[in-house]
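Visitor: Below are the structure tokens for one structure; questions will follow.
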Amino acid sequence: AFLAVAIVVPVHLVQGFALARPAPVPDPAPPSTANGPVAEVATVATPSLPIPHGGRLLALSAEDHYLRVHSDQGNVLILRRLADAISELPADAGRQVHRSHWVAQTAVQRVEREGSRLVLVLTNGLRIPVSRTYRLAVQESGWPQTDEAS
């Protein structure tokens, strides 16, 4: 009994002390990606998409649970679903070209072919793949086409 009390009392004291202290809040670290440095991380839901430095929206790219908003002035990483962000945009502003990518109508500089796949080259040099699901819609979109992409 003495041994049980000697073990239980210190454990309860330590647990009570741990519950009384507020837990430390870690600084949120943005996920690292191969798409370059993160300009900013916003985790608060906003009624409209944040565009870096007031630039022009070029594309949206899903990255795990985050969404990268590409503009001609840089990019920003936010916590939002791609489908929710697309629903905030006017229907004629652009189109989804992949399950992970949406592209603005005015951002497409040209369409290239890489093997059997189509790739959109945007005005800022960003290359966005087109999935087979969206290929026909992209070809019929009126976006600039190359001879080999038709």
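A note on labels: chains of the structure tokens are A, B, ... as shown, every chain counts residues from 1, and ligands are counted from 1 in their shown order.
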Find the residues of range 51-109 of chain A that sit at most 6 Å from range 121-130 of chain A; for each, write down the nearest two atoms and how far apart they are in Å, to one decimal. Count only C-alpha atoms. Sort by chain, then by number going up, and give it as a tab-separated table.

Guide:
```
residue	atom	partner	partner_atom	distance
A:Val97	CA	A:Val130	CA	5.2
A:His98	CA	A:Val130	CA	5.5
A:Ala107	CA	A:Leu122	CA	5.3
A:Val108	CA	A:Leu122	CA	4.5
A:Gln109	CA	A:Leu122	CA	5.1
```

Visitor: Determine the nearest neighbour of Arg110 in chain A from the options A:Gln139, A:Thr133, A:Gln96, A:Ser61, counting only C-alpha atoms.

Guide: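 For Arg110 in chain A, the nearest of the given residues is A:Gln139.
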
Visitor: Please, what distance in Å, to one decimal, runs between CA of Arg80 in chain A and CA of Ser131 in chain A?

Guide: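 Computing it gives 21.7 Å between the two atoms.
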
Visitor: Which residues, written as a PyMOL selection string, have at least one atom at most 6 Å from Leu60 in chain A, with only C-alpha atoms counted and residues fewer than 5 positions away on the same chain left out?

Guide: chain A and resi 68-69+101-102

Visitor: Figure out the distance between CA of Gly74 in chain A and CA of Arg135 in chain A, please, to one decimal in Å.

Guide: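 Answer for the CA of Arg135 in chain A to CA of Gly74 in chain A separation: 26.9 Å.
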
Visitor: Pick out the closest residue to Ala104 in chain A from this set: A:Leu58, A:Leu120, A:Ile51, A:Ile78. Count only C-alpha atoms.

Guide: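 Checking each candidate against Ala104 in chain A, we get A:Leu58 as the closest.
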
Visitor: Find the spatial neighbours of Asp92 in chain A, counting only C-alpha atoms, within a cut-off of 10 Å - ignore same-chain residues fewer than 3 positions away - and output them as a list of chain:residue names.

Guide: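 Here the qualifying residues turn out to be A:Leu89, A:Arg95, A:Ala104, A:Gln105.
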
Visitor: Atoms to include: C-alpha atoms. Write the selected residues as a CSV table (one decimal), in the first residue's frame.

Guide:
```
chain,number,residue,atom,x,y,z
A,89,LEU,CA,-15.0,32.9,-58.8
A,95,ARG,CA,-11.7,26.7,-65.8
A,104,ALA,CA,-7.7,31.9,-65.4
A,105,GLN,CA,-8.9,32.4,-69.0
```

Visitor: To test your reading of the structure, identify every residue in range 50-85 of chain A that backbone DSSP assigns to helix (DSSP H, G or I), and report it as a list in words.

Guide: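 Filtering range 50-85 of chain A to helix (DSSP H, G or I) leaves Pro52, His53, Gly54, Leu82, Ala83, Asp84 and Ala85 of chain A.
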
Visitor: By how many Å are CA of Arg99 in chain A and CA of Leu136 in chain A apart?

Guide: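 Here the two named atoms are 14.6 Å from each other.
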
Visitor: Which residues, written as a list in words, have at least one atom at most 8 Å from Ser71 in chain A, with only C-alpha atoms counted and residues fewer than 6 positions away on the same chain left out?

Guide: Ile51, Pro52, Gly55, Arg56, Leu57, Leu58 and Ala59 of chain A
